[in-house]
Every structure is written in structure tokens, then in C-alpha cells.
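Before any comments, here is the structure.
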Amino acid sequence: MTTTVKDMLATYPADLGEVDREKLTKCTEECIACAQACTACADACLSEGTVGELTKCIRTDMDCADICTATASVLSRHTGYDANVTRAILQACATACKACGDECSSHADMEHCRVCAEACRSCEQACNQLIQTLG
């Protein structure tokens, strides 16, 4: 299946070096999906009758969404690539996704938190897999 992320990587005019394109594509897509899920989950938490009890969940959702968005942006830029910066943001993203996944899992009785936790786990895994391929 072709995706915009994959299509854009294919159009990049310079050599990407030894970057695993499949893992880079997957990680970028997972970051975008996770940011959307976390944003929607935070908004859904604000609509719950127990919103006061969901403060940490909302904060964690918002932090994770911002970090995932930043990570997807960094992964989408290849000119002047710095593996150390990429590795650092991927590690931060995996950490944020783990924290958010853990928090949302503790509220998994709410469907939006269950879905968000799954997105976070998937993104965390994709980040860790991409980290392993970096030189």
C-alpha cells in the first residue's frame, strides 16, 4: 500500500544513506496517528463527567501529541541529517508514548483511552525499532 509518507520519501532527490525506509515510513506514520489519537483522547477526557480525575491523563495526552508531532517533523527532514538529533527525539517520543500508554491504560474502561493507549504502544514500538537501525 502506498502512503503519502512513502511517496514523499520516494521523491527525495538525494541519497538517504542506509536509513531503513520501511521503518522510517512506519515510524513517521505512527507518530502522526499517535498525535491525532492523543489530541482526540485529551478532548474526550475534557468531555467526561469525571474530568477532574483525568488531569494527569489530559496532560500526558497533550505532551505525547506535541512530542509525536515534533518527531514526525524531524523524521520528514533529511537535508543536513544528524543521527544524534534523530536518535534523541525518537527516544523522547518512545518515552512519552510509554508514559501516555501507561496512563491511558489505567483508564481503559473509557473507550477513547483504550484506543489511545494502543496508538501509543504502536508508536513507542515503531520509535524503538527505528532507533535500532540508526548508525
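Residues are named by chain letter and number: chains run A, B, ... in the order of the C-alpha cells, numbers start at 1 in each chain, and ligands are numbered from 1 in the order shown.
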
Chain A: residues DSSP assigns to helix (DSSP H, G or I), reported as a PyMOL selection string: chain A and resi 4-11+21-47+51-75+83-105+111-133

Find the residues near stretch 85-98 of chain A: any atom within 12 Å, counting only C-alpha atoms, skip ones fewer than 3 places away on the same chain, and give them as number ranges by chain. A: 19, 24, 27-28, 30-35, 37-38, 59-78, 80-82, 101-105, 116-135

Grab the atom CA of A:Thr39 to atom CA of A:Thr3 distance for me, in Å with one decimal place. 22.2 Å
